[in-house]
>>> print(open('data_8.csv').read())   # CSV, C-alpha atoms
chain,number,residue,atom,x,y,z
A,1,MET,CA,162.8,-42.6,172.7
A,2,ALA,CA,164.7,-39.7,174.2
A,3,ALA,CA,167.5,-38.3,172.0
A,4,ASN,CA,170.2,-38.8,174.6
A,5,GLN,CA,169.1,-42.5,175.0
A,6,THR,CA,169.2,-43.0,171.2
A,7,ASN,CA,172.7,-41.5,171.2
A,8,LYS,CA,173.8,-44.1,173.7
A,9,LEU,CA,172.4,-46.9,171.6
A,10,VAL,CA,174.2,-45.6,168.5
A,11,TRP,CA,177.4,-45.2,170.3
A,12,LEU,CA,177.2,-48.8,171.5
A,13,VAL,CA,176.5,-50.1,168.0
A,14,LYS,CA,179.3,-48.1,166.3
A,15,THR,CA,181.8,-49.0,169.1
A,16,ILE,CA,181.2,-52.8,168.7
A,17,GLN,CA,181.2,-52.5,164.9
A,18,GLN,CA,184.5,-50.7,164.8
A,19,ALA,CA,186.1,-53.2,167.2
A,20,LYS,CA,184.5,-56.2,165.4
A,21,LYS,CA,184.7,-58.1,168.7
A,22,ILE,CA,185.1,-56.5,172.1
A,23,THR,CA,184.9,-57.7,175.8
A,24,PHE,CA,182.5,-56.0,178.2
A,25,GLU,CA,185.6,-54.7,180.1
A,26,GLU,CA,187.0,-53.0,177.0
A,27,LEU,CA,183.5,-51.6,176.2
A,28,ASN,CA,183.2,-50.2,179.7
A,29,ARG,CA,186.6,-48.5,179.4
A,30,LYS,CA,185.6,-46.8,176.1
A,31,TRP,CA,182.3,-45.9,177.6
A,32,LYS,CA,183.9,-44.1,180.6
A,33,GLU,CA,186.3,-42.3,178.2
A,34,ASN,CA,183.3,-40.8,176.4
A,35,VAL,CA,182.5,-38.4,179.3
A,36,GLU,CA,179.8,-36.5,177.4
A,37,LEU,CA,177.6,-39.6,177.3
A,38,SER,CA,178.8,-41.5,180.4
A,39,GLY,CA,179.6,-38.7,182.8
A,40,GLY,CA,182.7,-40.7,183.6
A,41,GLU,CA,180.6,-43.5,185.3
A,42,ASP,CA,180.7,-47.2,184.6
A,43,LEU,CA,178.4,-49.0,182.2
A,44,VAL,CA,176.2,-51.2,184.4
A,45,LYS,CA,175.9,-54.7,182.9
A,46,ARG,CA,172.2,-54.8,183.5
A,47,THR,CA,171.8,-51.5,181.6
A,48,PHE,CA,174.0,-52.9,178.8
A,49,HIS,CA,171.7,-56.0,178.3
A,50,LYS,CA,168.7,-53.7,178.3
A,51,TRP,CA,170.3,-51.6,175.6
A,52,LYS,CA,170.9,-54.7,173.5
A,53,TRP,CA,167.2,-55.3,173.3
A,54,SER,CA,166.5,-51.7,172.5
A,55,ILE,CA,169.1,-51.8,169.7
A,56,PHE,CA,167.3,-54.9,168.3
A,57,ASN,CA,163.9,-53.2,168.5
A,58,THR,CA,165.1,-49.9,167.1
A,59,PHE,CA,167.7,-50.9,164.4
A,60,GLY,CA,167.1,-54.6,164.0
A,61,LEU,CA,170.7,-55.5,165.0
A,62,ILE,CA,171.5,-58.5,167.1
A,63,ILE,CA,174.4,-58.1,169.6
A,64,ASP,CA,175.7,-61.6,170.6
A,65,CYS,CA,178.5,-62.9,172.8
A,66,GLU,CA,181.0,-65.6,172.2
A,67,LYS,CA,180.4,-68.7,174.4
A,68,ILE,CA,184.1,-69.1,175.3
A,69,ALA,CA,186.7,-66.8,176.9
A,70,PRO,CA,187.3,-64.0,176.5
A,71,PHE,CA,183.5,-63.7,175.9
A,72,GLN,CA,183.7,-61.0,173.3
A,73,TYR,CA,180.5,-59.2,172.0
A,74,PHE,CA,179.9,-58.8,168.3
A,75,ILE,CA,177.1,-57.8,165.9
A,76,GLU,CA,175.7,-61.1,164.6
A,77,ASN,CA,173.8,-59.7,161.6
A,78,GLU,CA,176.2,-56.9,160.6
A,79,GLU,CA,175.2,-57.3,157.0
A,80,GLU,CA,171.9,-55.5,157.9
A,81,MET,CA,173.9,-52.3,158.4
A,82,LYS,CA,174.5,-52.2,154.6
A,83,SER,CA,170.8,-52.6,153.7
A,84,ASP,CA,168.5,-49.8,152.4
A,85,GLY,CA,165.9,-50.3,155.2
A,86,ILE,CA,164.6,-47.5,157.5
A,87,GLU,CA,166.4,-49.0,160.5
A,88,ASN,CA,169.8,-48.6,158.8
A,89,TRP,CA,168.9,-45.1,157.6
A,90,LEU,CA,168.0,-44.2,161.2
A,91,LEU,CA,171.3,-45.6,162.5
A,92,SER,CA,173.3,-43.7,160.0
A,93,THR,CA,171.4,-40.5,160.6
A,94,TYR,CA,171.8,-40.7,164.4
A,95,ALA,CA,175.5,-41.7,164.0
A,96,ILE,CA,176.2,-38.6,162.0
A,97,SER,CA,174.2,-36.5,164.5
A,98,ASN,CA,176.3,-37.9,167.3
A,99,SER,CA,179.5,-37.0,165.5
A,100,LEU,CA,178.3,-33.4,164.8
A,101,ALA,CA,177.1,-32.9,168.4
A,102,GLU,CA,180.5,-34.0,169.7
A,103,SER,CA,182.3,-31.6,167.3
A,104,LYS,CA,180.9,-28.2,168.3
A,105,SER,CA,184.4,-26.9,169.0
A,106,ILE,CA,185.2,-27.1,165.3
A,107,LYS,CA,181.7,-26.3,163.9
A,108,ASP,CA,183.1,-23.6,161.6
A,109,ARG,CA,185.2,-26.4,159.9
A,110,ILE,CA,182.2,-28.7,159.2
A,111,LEU,CA,180.2,-27.4,156.2
A,112,LEU,CA,176.7,-28.9,155.5
A,113,GLU,CA,174.2,-28.7,152.7
A,114,GLU,CA,170.9,-27.2,153.2
A,115,VAL,CA,167.9,-29.6,152.9
A,116,PRO,CA,165.1,-27.3,151.7
A,117,SER,CA,162.1,-29.7,152.3
A,118,GLY,CA,160.7,-31.9,154.9
A,119,ARG,CA,160.9,-29.9,158.0
A,120,GLU,CA,157.5,-28.3,158.0
A,121,TYR,CA,155.3,-30.9,156.3
A,122,LEU,CA,157.1,-34.3,156.8
A,123,ASP,CA,155.9,-34.9,160.3
A,124,PRO,CA,152.2,-34.1,159.6
A,125,ILE,CA,152.2,-36.3,156.5
A,126,ILE,CA,153.8,-39.2,158.4
A,127,ASN,CA,151.2,-38.8,161.1
A,128,ALA,CA,148.4,-38.8,158.5
A,129,MET,CA,149.9,-42.0,157.0
A,130,LYS,CA,149.9,-43.7,160.4
A,131,ALA,CA,146.3,-42.8,161.0
A,132,ASN,CA,145.2,-43.4,157.3
A,133,ARG,CA,143.8,-39.9,157.2
A,134,PHE,CA,143.2,-37.8,154.1
A,135,ILE,CA,145.0,-34.5,153.9
A,136,HIS,CA,144.3,-31.2,152.2
A,137,ILE,CA,147.3,-29.6,150.5
A,138,THR,CA,147.9,-26.4,148.6
A,139,TYR,CA,150.5,-27.2,146.0
A,140,TYR,CA,152.6,-25.0,143.7
A,141,ASN,CA,153.0,-26.1,140.1
A,142,TYR,CA,156.2,-24.9,138.4
A,143,TRP,CA,154.9,-25.2,134.9
A,144,ARG,CA,151.6,-23.4,135.5
A,145,ALA,CA,153.1,-21.0,138.0
A,146,ASP,CA,150.1,-21.3,140.3
A,147,THR,CA,148.8,-23.1,143.4
A,148,ARG,CA,145.9,-25.5,143.5
A,149,GLU,CA,144.1,-27.5,146.2
A,150,HIS,CA,144.5,-31.3,146.4
A,151,TYR,CA,142.6,-33.8,148.6
A,152,VAL,CA,144.8,-36.9,148.8
A,153,MET,CA,145.5,-40.2,150.6
A,154,PRO,CA,149.2,-40.0,151.7
A,155,LEU,CA,150.5,-43.4,150.6
A,156,CYS,CA,154.2,-43.2,151.1
A,157,VAL,CA,157.2,-40.8,151.3
A,158,LYS,CA,160.6,-41.0,149.7
A,159,LEU,CA,163.8,-39.1,150.1
A,160,PHE,CA,165.8,-38.4,146.9
A,161,HIS,CA,168.6,-35.9,146.3
A,162,GLN,CA,168.0,-34.1,149.6
A,163,ARG,CA,164.3,-33.6,148.9
A,164,TRP,CA,161.3,-35.4,150.4
A,165,TYR,CA,158.5,-36.6,148.1
A,166,MET,CA,155.0,-38.0,148.8
A,167,VAL,CA,153.0,-40.3,146.7
A,168,GLY,CA,149.3,-39.3,147.2
A,169,ARG,CA,146.2,-40.9,145.7
A,170,THR,CA,143.8,-38.1,144.7
A,171,TRP,CA,140.1,-38.1,145.6
A,172,PRO,CA,137.7,-38.6,143.9
A,173,LYS,CA,139.7,-39.4,140.7
A,174,GLU,CA,142.0,-41.9,142.5
A,175,GLU,CA,145.1,-41.0,140.6
A,176,ASP,CA,148.5,-41.6,142.1
A,177,ARG,CA,150.6,-38.4,141.9
A,178,LEU,CA,154.0,-37.4,143.2
A,179,TYR,CA,154.3,-34.2,145.4
A,180,CYS,CA,157.5,-32.6,146.4
A,181,LEU,CA,157.2,-31.4,150.0
A,182,ASP,CA,159.1,-28.1,149.4
A,183,ARG,CA,156.4,-27.1,146.9
A,184,ILE,CA,153.6,-27.6,149.4
A,185,ARG,CA,152.4,-24.2,150.6
A,186,ASN,CA,149.9,-25.3,153.2
A,187,SER,CA,148.5,-28.6,154.5
A,188,ARG,CA,145.6,-29.6,156.8
A,189,LEU,CA,144.7,-32.9,158.2
A,190,SER,CA,141.2,-34.2,157.3
A,191,SER,CA,138.8,-35.8,159.7
A,192,HIS,CA,138.1,-38.5,157.1
A,193,THR,CA,140.0,-41.8,157.1
A,194,PHE,CA,140.6,-44.2,154.2
A,195,ASP,CA,141.4,-47.9,153.9
A,196,TYR,CA,145.0,-48.3,152.7
A,197,PRO,CA,144.8,-49.6,149.1
A,198,SER,CA,145.9,-53.2,148.8
A,199,ASP,CA,147.0,-52.6,145.2
A,200,PHE,CA,149.7,-50.1,146.3
A,201,ILE,CA,153.1,-51.4,147.4
A,202,PRO,CA,155.7,-48.6,147.6
A,203,GLU,CA,158.6,-50.8,146.6
A,204,ASP,CA,156.7,-52.1,143.6
A,205,TYR,CA,155.6,-48.6,142.6
A,206,PHE,CA,159.2,-47.5,142.4
A,207,GLN,CA,160.5,-50.8,141.0
A,208,GLY,CA,163.3,-50.2,138.5
A,209,CYS,CA,163.3,-46.4,139.1
A,210,PHE,CA,166.4,-44.4,139.4
A,211,GLY,CA,164.8,-41.7,141.6
A,212,ILE,CA,161.2,-40.5,142.0
A,213,ILE,CA,159.9,-40.6,138.4
A,214,ALA,CA,157.8,-43.8,138.3
A,215,ASP,CA,156.7,-43.6,134.6
A,216,LYS,CA,155.1,-46.9,133.8
A,217,ASN,CA,155.2,-46.0,130.1
A,218,CYS,CA,159.0,-46.2,130.4
A,219,LYS,CA,159.7,-49.9,130.7
A,220,VAL,CA,162.5,-51.5,132.8
A,221,GLU,CA,165.3,-52.6,130.4
A,222,ASN,CA,169.0,-53.3,130.3
A,223,VAL,CA,171.2,-50.2,129.9
A,224,LEU,CA,174.9,-50.5,129.0
A,225,LEU,CA,177.2,-47.6,130.0
A,226,LYS,CA,180.8,-47.2,128.9
A,227,VAL,CA,182.6,-45.2,131.6
A,228,SER,CA,186.2,-43.9,131.6
A,229,ALA,CA,188.6,-45.7,134.0
A,230,GLY,CA,188.8,-42.7,136.3
A,231,GLN,CA,185.0,-42.2,136.6
A,232,ALA,CA,184.4,-45.9,137.0
A,233,ASN,CA,186.1,-45.7,140.4
A,234,TYR,CA,183.3,-43.3,141.6
A,235,MET,CA,180.6,-45.6,140.1
A,236,ARG,CA,182.0,-48.6,142.0
A,237,ASP,CA,182.1,-46.7,145.3
A,238,LEU,CA,178.6,-45.1,144.8
A,239,PRO,CA,176.6,-47.3,142.4
A,240,MET,CA,174.0,-45.4,140.2
A,241,HIS,CA,171.4,-48.1,140.9
A,242,GLU,CA,171.1,-51.3,143.0
A,243,SER,CA,171.0,-53.3,139.8
A,244,GLN,CA,174.4,-52.0,138.6
A,245,GLN,CA,177.0,-54.7,137.5
A,246,GLU,CA,180.4,-54.2,136.1
A,247,ILE,CA,180.6,-56.6,133.1
A,248,GLU,CA,183.9,-55.4,131.5
A,249,ARG,CA,187.0,-53.7,132.8
A,250,ASN,CA,190.3,-52.6,131.3
A,251,ASN,CA,192.9,-49.9,131.7
A,252,ASP,CA,190.9,-47.4,129.6
A,253,TYR,CA,187.2,-47.9,130.5
A,254,SER,CA,184.6,-50.1,132.2
A,255,ILE,CA,181.2,-51.3,130.9
A,256,PHE,CA,178.4,-51.2,133.5
A,257,LYS,CA,175.0,-52.9,133.1
A,258,LEU,CA,171.9,-51.6,134.8
A,259,ARG,CA,168.4,-53.0,134.8
A,260,ILE,CA,166.4,-49.7,135.1
A,261,ARG,CA,163.7,-47.4,133.8
A,262,PRO,CA,165.6,-44.8,131.7
A,263,THR,CA,163.4,-41.9,132.8
A,264,TYR,CA,164.1,-38.2,132.7
A,265,ASP,CA,165.8,-38.1,136.2
A,266,PHE,CA,168.1,-41.0,135.1
A,267,GLN,CA,169.0,-39.2,131.9
A,268,GLN,CA,169.9,-36.1,134.0
A,269,GLU,CA,172.2,-38.3,136.1
A,270,LEU,CA,173.9,-39.6,132.9
A,271,LEU,CA,174.6,-36.0,131.8
A,272,TRP,CA,176.1,-35.2,135.2
A,273,ASN,CA,179.0,-37.5,134.2
A,274,ARG,CA,179.8,-35.3,131.2
A,275,GLU,CA,182.1,-36.8,128.6
A,276,GLU,CA,183.3,-39.5,131.0
A,277,LEU,CA,180.2,-41.6,130.2
A,278,GLU,CA,178.7,-43.0,127.0
A,279,VAL,CA,175.4,-44.8,126.5
A,280,ILE,CA,175.9,-48.0,124.5
A,281,GLU,CA,172.4,-49.5,124.8
A,282,PRO,CA,169.5,-49.2,124.3
A,283,LEU,CA,169.8,-47.5,120.9
A,284,TRP,CA,166.8,-45.2,121.6
A,285,LEU,CA,168.4,-43.9,124.8
A,286,ARG,CA,171.7,-43.4,123.0
A,287,LYS,CA,169.9,-41.3,120.3
A,288,GLU,CA,168.0,-39.4,123.0
A,289,MET,CA,171.2,-38.5,124.8
A,290,ALA,CA,172.9,-37.5,121.5
A,291,GLY,CA,169.9,-35.2,120.8
A,292,VAL,CA,170.1,-33.5,124.2
A,293,ILE,CA,173.9,-33.0,123.8
A,294,LYS,CA,173.3,-31.5,120.3
A,295,ARG,CA,170.7,-29.1,121.6
A,296,MET,CA,173.1,-28.1,124.3
A,297,TRP,CA,175.8,-27.5,121.8
A,298,ASN,CA,173.4,-25.3,119.7
A,299,ASN,CA,173.0,-23.1,122.8
A,300,TYR,CA,176.7,-22.6,123.3
A,301,LYS,CA,178.2,-22.6,119.8
A,302,GLU,CA,179.1,-19.2,118.3
A,303,LYS,CA,176.3,-17.7,116.3
>>> encode(input="data_8.csv", output="structure tokens")
Amino acid sequence: MAANQTNKLVWLVKTIQQAKKITFEELNRKWKENVELSGGEDLVKRTFHKWKWSIFNTFGLIIDCEKIAPFQYFIENEEEMKSDGIENWLLSTYAISNSLAESKSIKDRILLEEVPSGREYLDPIINAMKANRFIHITYYNYWRADTREHYVMPLCVKLFHQRWYMVGRTWPKEEDRLYCLDRIRNSRLSSHTFDYPSDFIPEDYFQGCFGIIADKNCKVENVLLKVSAGQANYMRDLPMHESQQEIERNNDYSIFKLRIRPTYDFQQELLWNREELEVIEPLWLRKEMAGVIKRMWNNYKEK
């Protein structure tokens, strides 16, 4: 779909969402006011209905109309806009792109973060996934400080903390490994195809994970966190994990319960909260965090 056409679909979704309910006449007025998209011309009703179907096919959203006057349009399944699916991710991404594209006059006042990976290798990997084709990659290893060749089946990709990762099944050993795209130095599409393994389900592979470390030796368990009242506000607005529940709250602190694998990347997230967060359970994780903090103290204390 052309970028300009997608921008129009996103505009339509966001306009209806913001209004909650809106008549076609009001929608047309707002459309004409957005001269960059509309060119100042009316929104033809036939085109509007065509876009409704495109929105459903692209983003999975249903735009319906009330059966009585004033015949207002609304998003029937608006809850889908809060899901973690690729359709909602696309909608959010295009919506932000629209806002930035319409804000070039103040571009020096909009500061963005650099995303180091994904640009060069994401498209080829996704194309290989679509065709179930093996890929050759040259991959840099931080710990060994060298590059090695890998021949893998690209099974899935995941975005985490502004980096793209690929889970690839190596051949001939058939081991599932995680590859960070910004550590790929070269890639080449193979002529050989593979049957997508029925035993690999991406959602199950990352079940209970905080980020991208899917360590099956680290079991999913309940984690209780005591968080200061101030920091708890941030955790409510941006939950650490989809399983997060607030089970206790008072003026001084809150207790959050998570059902998660307490892997290395999760422990890093806990440390990010500094002294505003304390691990209550499980005991082994509490001791692990205490050990990390003690070793950090040893690095900083006066010698």
>>> residues_around(input="data_8.csv", residues="Pro70 in chain A", least_positions_apart="2", cutoff="7 Å", atoms="all atoms listed in the file", output="compact mmCIF listing (two decimals) with C-alpha atoms, keeping the file's coordinate frame")
# COMPACT_ATOMS: atom_id res chain seq x y z
CA THR A 23 184.90 -57.70 175.80
CA ILE A 68 184.10 -69.10 175.30
CA GLN A 72 183.70 -61.00 173.30
>>> closest_residue(input="data_8.csv", among="A:Phe48, A:Leu27, A:Ile22, A:Leu178", to="Ala69 in chain A", atoms="only C-alpha atoms")
A:Ile22
>>> atom_distance(input="data_8.csv", atom1="CA of Gly211 in chain A", atom2="CA of Arg185 in chain A")
23.3 Å
>>> atom_distance(input="data_8.csv", atom1="CA of Lys32 in chain A", atom2="CA of Asp108 in chain A")
28.0 Å
>>> residues_around(input="data_8.csv", residues="Glu78 in chain A", least_positions_apart="5", cutoff="12 Å", atoms="only C-alpha atoms", output="number ranges by chain")
A: 13-14, 16-18, 20-21, 56, 59-64, 83, 88
>>> residues_around(input="data_8.csv", residues="Lys130 in chain A", least_positions_apart="4", cutoff="12 Å", atoms="all atoms listed in the file", output="MDAnalysis selection string")
chainID A and resid 123:126 134 153:156 193:196
>>> atom_distance(input="data_8.csv", atom1="CA of Trp31 in chain A", atom2="CA of Asn57 in chain A")
21.8 Å
>>> residues_around(input="data_8.csv", residues="Ala232 in chain A", least_positions_apart="6", cutoff="9 Å", atoms="only C-alpha atoms", output="mmCIF file with C-alpha atoms, in the frame of the given file")
data_model
loop_
_atom_site.group_PDB
_atom_site.id
_atom_site.type_symbol
_atom_site.label_atom_id
_atom_site.label_comp_id
_atom_site.auth_asym_id
_atom_site.auth_seq_id
_atom_site.Cartn_x
_atom_site.Cartn_y
_atom_site.Cartn_z
ATOM 1 C CA LYS A 226 180.800 -47.200 128.900
ATOM 2 C CA TYR A 253 187.200 -47.900 130.500
ATOM 3 C CA SER A 254 184.600 -50.100 132.200
ATOM 4 C CA ILE A 255 181.200 -51.300 130.900
ATOM 5 C CA PHE A 256 178.400 -51.200 133.500
ATOM 6 C CA GLU A 276 183.300 -39.500 131.000
#
>>> closest_atom_pairs(input="data_8.csv", of="range 179-254 of chain A", to="range 263-269 of chain A", cutoff="10 Å", atoms="all atoms listed in the file", output="Markdown table")
| residue | atom | partner | partner_atom | distance |
| --- | --- | --- | --- | --- |
| A:Cys209 | CA | A:Thr263 | CA | 7.7 |
| A:Phe210 | CA | A:Phe266 | CA | 5.7 |
| A:Gly211 | CA | A:Asp265 | CA | 6.6 |
| A:Ile212 | CA | A:Asp265 | CA | 7.8 |
| A:Ile213 | CA | A:Thr263 | CA | 6.7 |
| A:Ala214 | CA | A:Thr263 | CA | 8.1 |
| A:Asp215 | CA | A:Thr263 | CA | 7.1 |
| A:Lys216 | CA | A:Thr263 | CA | 9.7 |
| A:Asn217 | CA | A:Thr263 | CA | 9.6 |
| A:Cys218 | CA | A:Thr263 | CA | 6.6 |
| A:Lys219 | CA | A:Thr263 | CA | 9.1 |
| A:Val220 | CA | A:Thr263 | CA | 9.6 |
| A:Met240 | CA | A:Glu269 | CA | 8.4 |
| A:His241 | CA | A:Phe266 | CA | 9.7 |
>>> closest_residue(input="data_8.csv", among="A:Ile75, A:Met129, A:Leu225, A:Leu122", to="Cys180 in chain A", atoms="all atoms listed in the file")
A:Leu122
>>> closest_residue(input="data_8.csv", among="A:Ile184, A:Val35, A:Ala131, A:Met289", to="His150 in chain A", atoms="all atoms listed in the file")
A:Ile184
>>> closest_residue(input="data_8.csv", among="A:Leu277, A:Leu37, A:Ile293, A:Leu43", to="Tyr234 in chain A", atoms="all atoms listed in the file")
A:Leu277
>>> residues_around(input="data_8.csv", residues="Thr147 in chain A", least_positions_apart="6", cutoff="12 Å", atoms="all atoms listed in the file", output="list of chain:residue names")
A:Ile137, A:Thr138, A:Tyr139, A:Tyr140, A:Asn141, A:Arg183, A:Ile184, A:Arg185, A:Asn186
